[in-house]
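Data first, discussion second: the structure below is written as C-alpha coordinates.
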Amino acid sequence: MRIKILVIDDEESLCEILKFNLEKEGYEVDCAYSAEEALEMDLSGYSLFIVDIMMERLSGFDFAKRVRNMSEIENTPIIFCSALDGEDDTVMGLNIGADDYITKPFVINEVRARVRAVLRRSQATRQWQYNVSKSIYEPDITFHSLRIDRNVKQCFLGGQEVNLTKTEFDILLFLLTHRNRIYSREEIIRSVWSSDVVVTNRTIDTNIARLRKKIGEYGNNIVTRLGFGYGFKETV
(Lines give C-alpha, C1' and ligand atoms only; values in the text may rest on other atoms or scores of the structure.)
Protein backbone atom coordinates (compact mmCIF):
# COMPACT_ATOMS: atom_id res chain seq x y z
CA MET A 1 0.00 0.00 0.00
CA ARG A 2 1.37 3.40 -1.00
CA ILE A 3 1.90 6.18 1.55
CA LYS A 4 -0.90 8.75 1.38
CA ILE A 5 -0.22 12.48 1.69
CA LEU A 6 -2.79 15.28 1.93
CA VAL A 7 -1.81 18.73 0.61
CA ILE A 8 -3.94 21.58 2.00
CA ASP A 9 -3.55 24.94 0.25
CA ASP A 10 -5.95 27.45 -1.30
CA GLU A 11 -3.60 27.90 -4.28
CA GLU A 12 -4.74 25.18 -6.66
CA SER A 13 -1.70 25.56 -8.92
CA LEU A 14 0.66 24.97 -5.98
CA CYS A 15 -1.35 21.92 -4.92
CA GLU A 16 -1.00 20.51 -8.42
CA ILE A 17 2.77 21.12 -8.43
CA LEU A 18 3.19 19.29 -5.12
CA LYS A 19 0.83 16.50 -6.18
CA PHE A 20 2.66 15.94 -9.48
CA ASN A 21 6.12 15.87 -7.94
CA LEU A 22 5.25 13.79 -4.89
CA GLU A 23 3.40 11.23 -6.99
CA LYS A 24 6.60 10.88 -9.04
CA GLU A 25 8.22 9.85 -5.75
CA GLY A 26 5.68 7.04 -5.42
CA TYR A 27 3.29 8.63 -2.91
CA GLU A 28 -0.49 8.78 -3.26
CA VAL A 29 -1.45 12.46 -3.00
CA ASP A 30 -4.81 14.15 -2.45
CA CYS A 31 -5.51 17.89 -2.30
CA ALA A 32 -7.87 20.03 -0.25
CA TYR A 33 -8.24 23.71 -1.04
CA SER A 34 -9.16 24.87 2.47
CA ALA A 35 -8.77 23.69 6.03
CA GLU A 36 -12.56 23.33 6.23
CA GLU A 37 -12.60 20.99 3.24
CA ALA A 38 -9.81 18.91 4.75
CA LEU A 39 -11.60 18.57 8.09
CA GLU A 40 -14.64 17.15 6.33
CA MET A 41 -12.51 14.34 4.88
CA ASP A 42 -11.59 11.02 6.46
CA LEU A 43 -8.09 11.93 7.60
CA SER A 44 -7.25 8.68 9.33
CA GLY A 45 -5.63 7.10 6.26
CA TYR A 46 -3.01 9.78 5.66
CA SER A 47 0.62 9.48 6.74
CA LEU A 48 1.45 13.18 6.30
CA PHE A 49 -0.27 16.58 6.00
CA ILE A 50 1.41 19.41 4.06
CA VAL A 51 -0.42 22.56 5.10
CA ASP A 52 -0.42 26.22 4.07
CA ILE A 53 -0.88 28.70 6.92
CA MET A 54 -2.59 31.72 5.37
CA MET A 55 -5.99 30.50 4.19
CA GLU A 56 -9.24 32.46 4.17
CA ARG A 57 -11.24 31.19 7.14
CA LEU A 58 -9.42 28.53 9.14
CA SER A 59 -5.66 28.96 9.02
CA GLY A 60 -3.13 26.18 8.83
CA PHE A 61 -2.40 26.80 12.51
CA ASP A 62 -6.10 26.24 13.29
CA PHE A 63 -6.07 23.00 11.30
CA ALA A 64 -2.98 21.74 13.13
CA LYS A 65 -4.46 22.52 16.56
CA ARG A 66 -7.58 20.53 15.70
CA VAL A 67 -5.57 17.61 14.39
CA ARG A 68 -3.50 17.48 17.58
CA ASN A 69 -6.75 17.16 19.55
CA MET A 70 -8.17 14.30 17.43
CA SER A 71 -7.10 11.00 18.96
CA GLU A 72 -7.07 9.01 15.70
CA ILE A 73 -4.69 11.38 13.91
CA GLU A 74 -3.00 13.34 16.69
CA ASN A 75 0.39 11.84 15.82
CA THR A 76 0.14 12.24 12.04
CA PRO A 77 3.10 14.40 10.92
CA ILE A 78 2.45 17.95 9.71
CA ILE A 79 4.71 20.06 7.49
CA PHE A 80 3.79 23.72 7.22
CA CYS A 81 4.48 25.24 3.79
CA SER A 82 4.00 28.98 3.93
CA ALA A 83 5.10 32.38 2.65
CA LEU A 84 5.38 33.46 6.30
CA ASP A 85 9.13 33.31 6.81
CA GLY A 86 9.57 35.09 10.14
CA GLU A 87 11.27 33.28 12.99
CA ASP A 88 8.23 33.81 15.23
CA ASP A 89 6.04 32.07 12.64
CA THR A 90 8.40 29.11 12.53
CA VAL A 91 8.54 28.93 16.33
CA MET A 92 4.75 29.06 16.56
CA GLY A 93 4.38 26.31 13.96
CA LEU A 94 6.84 24.01 15.73
CA ASN A 95 5.28 24.72 19.13
CA ILE A 96 1.84 23.79 17.81
CA GLY A 97 3.30 20.44 16.93
CA ALA A 98 4.45 20.67 13.33
CA ASP A 99 7.26 18.34 12.32
CA ASP A 100 8.85 20.74 9.84
CA TYR A 101 8.38 24.18 8.28
CA ILE A 102 9.09 25.04 4.63
CA THR A 103 8.97 28.61 3.35
CA LYS A 104 7.63 29.66 -0.06
CA PRO A 105 8.89 29.92 -2.70
CA PHE A 106 10.41 26.50 -2.22
CA VAL A 107 12.75 24.27 -4.17
CA ILE A 108 10.91 21.05 -5.03
CA ASN A 109 13.96 18.87 -4.34
CA GLU A 110 14.08 20.29 -0.81
CA VAL A 111 10.39 19.50 -0.34
CA ARG A 112 10.97 15.91 -1.46
CA ALA A 113 13.91 15.56 0.94
CA ARG A 114 11.99 17.01 3.88
CA VAL A 115 8.98 14.79 3.19
CA ARG A 116 11.23 11.72 3.16
CA ALA A 117 12.91 12.81 6.40
CA VAL A 118 9.63 13.47 8.23
CA LEU A 119 8.17 10.14 7.11
CA ARG A 120 11.32 8.31 8.23
CA ARG A 121 11.09 9.95 11.66
CA SER A 122 7.40 9.12 11.90
CA GLN A 123 8.04 5.47 11.09
CA ALA A 124 10.87 5.35 13.62
CA THR A 125 8.62 6.97 16.25
CA ARG A 126 5.86 4.42 15.66
CA GLN A 127 8.39 1.61 16.07
CA TRP A 128 9.73 3.23 19.24
CA GLN A 129 6.20 3.61 20.64
CA TYR A 130 5.54 -0.05 19.88
CA ASN A 131 8.72 -1.04 21.69
CA VAL A 132 7.90 1.24 24.64
CA SER A 133 4.42 -0.27 24.91
CA LYS A 134 6.11 -3.64 25.48
CA SER A 135 8.63 -2.30 27.97
CA ILE A 136 8.37 -1.65 31.69
CA TYR A 137 6.50 1.31 33.15
CA GLU A 138 8.65 4.45 33.29
CA PRO A 139 8.70 6.06 36.76
CA ASP A 140 7.71 9.68 37.19
CA ILE A 141 10.31 12.45 37.38
CA THR A 142 9.65 14.69 40.40
CA PHE A 143 11.05 17.76 42.07
CA HIS A 144 9.05 18.64 45.19
CA SER A 145 5.50 19.31 43.89
CA LEU A 146 6.60 19.39 40.24
CA ARG A 147 6.01 16.03 38.53
CA ILE A 148 6.45 14.69 35.00
CA ASP A 149 4.56 11.56 34.03
CA ARG A 150 6.67 10.12 31.22
CA ASN A 151 4.09 7.50 30.29
CA VAL A 152 1.19 9.85 29.54
CA LYS A 153 3.48 12.79 28.63
CA GLN A 154 1.98 15.21 31.13
CA CYS A 155 3.37 17.68 33.67
CA PHE A 156 1.76 18.40 37.06
CA LEU A 157 2.33 21.20 39.55
CA GLY A 158 0.85 20.62 42.99
CA GLY A 159 -1.40 17.95 41.50
CA GLN A 160 -2.74 20.27 38.78
CA GLU A 161 -1.88 19.60 35.15
CA VAL A 162 0.39 22.18 33.51
CA ASN A 163 -0.45 22.81 29.85
CA LEU A 164 2.91 22.47 28.09
CA THR A 165 3.61 22.28 24.39
CA LYS A 166 5.53 19.21 23.23
CA THR A 167 8.71 21.29 22.93
CA GLU A 168 8.32 22.76 26.43
CA PHE A 169 7.64 19.29 27.83
CA ASP A 170 10.73 17.82 26.15
CA ILE A 171 12.96 20.67 27.38
CA LEU A 172 11.69 20.34 30.96
CA LEU A 173 12.09 16.56 30.88
CA PHE A 174 15.66 16.94 29.64
CA LEU A 175 16.56 19.52 32.30
CA LEU A 176 14.89 17.60 35.16
CA THR A 177 16.66 14.38 34.26
CA HIS A 178 20.03 16.18 33.97
CA ARG A 179 19.98 18.45 37.01
CA ASN A 180 22.69 20.65 38.46
CA ARG A 181 24.62 21.07 35.24
CA ILE A 182 24.60 23.87 32.68
CA TYR A 183 23.94 22.82 29.09
CA SER A 184 24.68 24.92 26.05
CA ARG A 185 21.89 25.79 23.66
CA GLU A 186 23.48 23.46 21.12
CA GLU A 187 23.38 20.54 23.59
CA ILE A 188 19.72 21.21 24.35
CA ILE A 189 18.89 21.42 20.63
CA ARG A 190 20.61 18.08 19.96
CA SER A 191 18.72 16.45 22.83
CA VAL A 192 15.24 17.85 22.11
CA TRP A 193 14.98 18.39 18.36
CA SER A 194 15.59 16.14 15.39
CA SER A 195 18.73 16.86 13.39
CA ASP A 196 16.52 17.55 10.34
CA VAL A 197 14.91 20.62 11.97
CA VAL A 198 16.74 23.96 11.96
CA VAL A 199 16.46 25.58 15.41
CA THR A 200 17.94 28.94 16.41
CA ASN A 201 19.16 30.13 19.80
CA ARG A 202 16.17 32.44 19.99
CA THR A 203 13.84 29.45 19.74
CA ILE A 204 15.50 27.98 22.83
CA ASP A 205 15.29 31.29 24.70
CA THR A 206 11.60 31.74 23.83
CA ASN A 207 10.66 28.25 24.98
CA ILE A 208 12.66 28.56 28.20
CA ALA A 209 10.94 31.90 28.99
CA ARG A 210 7.49 30.37 28.47
CA LEU A 211 8.39 27.29 30.48
CA ARG A 212 9.55 29.34 33.45
CA LYS A 213 6.22 31.15 33.61
CA LYS A 214 4.22 27.92 33.44
CA ILE A 215 5.93 26.02 36.27
CA GLY A 216 5.43 28.73 38.89
CA GLU A 217 8.00 29.01 41.66
CA TYR A 218 10.15 26.32 40.06
CA GLY A 219 10.77 28.62 37.11
CA ASN A 220 13.53 30.10 39.28
CA ASN A 221 15.27 26.72 39.29
CA ILE A 222 15.84 26.99 35.54
CA VAL A 223 18.95 29.12 35.67
CA THR A 224 20.83 30.98 32.96
CA ARG A 225 24.59 31.22 32.79
CA LEU A 226 25.39 33.98 30.34
CA GLY A 227 27.67 32.78 27.60
CA PHE A 228 27.12 29.14 28.55
CA GLY A 229 23.44 28.12 28.56
CA TYR A 230 20.74 26.76 30.85
CA GLY A 231 20.30 24.21 33.61
CA PHE A 232 17.91 23.06 36.33
CA LYS A 233 19.44 23.69 39.77
CA GLU A 234 17.98 21.97 42.81
CA THR A 235 19.00 24.92 44.98
CA VAL A 236 18.96 28.54 43.79
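If you're wondering about the labels, chains in the C-alpha coordinates are A, B, ... by order shown, residues count from 1 in each chain, ligands from 1 in order shown.
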Residues near Leu175 of chain A, cut-off 12 Å, only C-alpha atoms, skip fewer than 6 positions along chain, as a ChimeraX atom specification: /A:141-143,148,168-169,181-185,187-188,191-192,208,211,219,221-223,229-234
Based on the backbone DSSP call, show me all residues of segment 61-187 of chain A assigned helix (DSSP H, G or I), as a ChimeraX atom specification. /A:61-67,87-96,108-134,166-176,185-187
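Between Asp89 of chain A and the candidates A:Val7, A:Ile102, A:Cys155, A:Met55, the tightest atom-to-atom separation, counting only C-alpha atoms, involves A:Ile102.
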**Request:** Tell me, as a PyMOL selection string, which residues lie within 10 Å of Glu217 of chain A, counting only C-alpha atoms; anything in the same chain fewer than 4 positions away does not count.
**Result:** chain A and resi 146+157+212-213+221
Subject >> Who sits within 9 Å of Leu6 of chain A, only C-alpha atoms, same chain under 6 positions skipped, as a list in words >> reply: Lys19, Glu28, Val29, Asp30, Cys31, Ala32, Ala38, Leu43, Tyr46, Ser47, Leu48, Phe49, Ile50 and Val51 of chain A
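The gap separating atom CA of Ala98 of chain A from atom CA of Phe80 of chain A is 6.9 Å, in Å to one decimal.
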In terms of only C-alpha atoms, the residue from A:Glu87, A:Glu25, A:Asp42, A:Asp149 at minimal distance from Thr206 of chain A is A:Glu87
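The interatomic distance for the pair atom CA of Glu110 of chain A and atom CA of Val67 of chain A works out to 25.0 Å.
Residues in contact with Ile108 of chain A at 8 Å, where only C-alpha atoms are counted and same-chain residues fewer than 2 positions away are skipped, are listed as A:Leu18, A:Asn21, A:Phe106, A:Glu110, A:Val111, A:Arg112.
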Print the selection's residues with all heavy atoms to a file, as a PDB file, in the first residue's frame.
```
ATOM      1  N   LEU A  18       2.789  20.227  -6.166  1.00  0.00           N
ATOM      2  CA  LEU A  18       3.195  19.287  -5.124  1.00  0.00           C
ATOM      3  C   LEU A  18       2.668  17.887  -5.426  1.00  0.00           C
ATOM      4  O   LEU A  18       3.396  16.897  -5.268  1.00  0.00           O
ATOM      5  CB  LEU A  18       2.694  19.771  -3.762  1.00  0.00           C
ATOM      6  CG  LEU A  18       3.408  20.992  -3.179  1.00  0.00           C
ATOM      7  CD1 LEU A  18       2.725  21.453  -1.905  1.00  0.00           C
ATOM      8  CD2 LEU A  18       4.874  20.686  -2.897  1.00  0.00           C
ATOM      9  N   ASN A  21       4.761  16.243  -8.307  1.00  0.00           N
ATOM     10  CA  ASN A  21       6.122  15.874  -7.942  1.00  0.00           C
ATOM     11  C   ASN A  21       6.180  14.794  -6.868  1.00  0.00           C
ATOM     12  O   ASN A  21       7.069  13.929  -6.895  1.00  0.00           O
ATOM     13  CB  ASN A  21       6.891  17.110  -7.485  1.00  0.00           C
ATOM     14  CG  ASN A  21       7.319  17.988  -8.652  1.00  0.00           C
ATOM     15  OD1 ASN A  21       8.319  17.717  -9.305  1.00  0.00           O
ATOM     16  ND2 ASN A  21       6.556  19.031  -8.920  1.00  0.00           N
ATOM     17  N   PHE A 106       9.573  27.611  -2.627  1.00  0.00           N
ATOM     18  CA  PHE A 106      10.405  26.499  -2.224  1.00  0.00           C
ATOM     19  C   PHE A 106      11.071  25.862  -3.444  1.00  0.00           C
ATOM     20  O   PHE A 106      10.677  26.085  -4.591  1.00  0.00           O
ATOM     21  CB  PHE A 106       9.593  25.442  -1.480  1.00  0.00           C
ATOM     22  CG  PHE A 106       8.363  24.986  -2.228  1.00  0.00           C
ATOM     23  CD1 PHE A 106       8.442  24.145  -3.316  1.00  0.00           C
ATOM     24  CD2 PHE A 106       7.106  25.412  -1.815  1.00  0.00           C
ATOM     25  CE1 PHE A 106       7.312  23.730  -3.997  1.00  0.00           C
ATOM     26  CE2 PHE A 106       5.961  25.003  -2.482  1.00  0.00           C
ATOM     27  CZ  PHE A 106       6.066  24.167  -3.584  1.00  0.00           C
ATOM     28  N   GLU A 110      14.041  20.144  -2.270  1.00  0.00           N
ATOM     29  CA  GLU A 110      14.079  20.288  -0.813  1.00  0.00           C
ATOM     30  C   GLU A 110      12.794  19.738  -0.203  1.00  0.00           C
ATOM     31  O   GLU A 110      12.823  19.073   0.834  1.00  0.00           O
ATOM     32  CB  GLU A 110      14.255  21.758  -0.420  1.00  0.00           C
ATOM     33  CG  GLU A 110      14.281  21.959   1.096  1.00  0.00           C
ATOM     34  CD  GLU A 110      14.320  23.416   1.508  1.00  0.00           C
ATOM     35  OE1 GLU A 110      14.312  24.292   0.614  1.00  0.00           O
ATOM     36  OE2 GLU A 110      14.334  23.677   2.715  1.00  0.00           O
ATOM     37  N   VAL A 111      11.663  20.022  -0.840  1.00  0.00           N
ATOM     38  CA  VAL A 111      10.388  19.502  -0.344  1.00  0.00           C
ATOM     39  C   VAL A 111      10.424  17.983  -0.320  1.00  0.00           C
ATOM     40  O   VAL A 111      10.048  17.345   0.670  1.00  0.00           O
ATOM     41  CB  VAL A 111       9.211  19.994  -1.209  1.00  0.00           C
ATOM     42  CG1 VAL A 111       7.908  19.333  -0.762  1.00  0.00           C
ATOM     43  CG2 VAL A 111       9.079  21.509  -1.117  1.00  0.00           C
ATOM     44  N   ARG A 112      10.880  17.373  -1.404  1.00  0.00           N
ATOM     45  CA  ARG A 112      10.970  15.911  -1.464  1.00  0.00           C
ATOM     46  C   ARG A 112      11.837  15.374  -0.310  1.00  0.00           C
ATOM     47  O   ARG A 112      11.476  14.391   0.351  1.00  0.00           O
ATOM     48  CB  ARG A 112      11.567  15.473  -2.790  1.00  0.00           C
ATOM     49  CG  ARG A 112      10.701  15.710  -4.022  1.00  0.00           C
ATOM     50  CD  ARG A 112      11.300  14.943  -5.191  1.00  0.00           C
ATOM     51  NE  ARG A 112      10.682  15.272  -6.459  1.00  0.00           N
ATOM     52  CZ  ARG A 112      11.277  15.953  -7.436  1.00  0.00           C
ATOM     53  NH1 ARG A 112      12.525  16.386  -7.284  1.00  0.00           N
ATOM     54  NH2 ARG A 112      10.649  16.191  -8.580  1.00  0.00           N
TER      55      ARG A 112
END
```
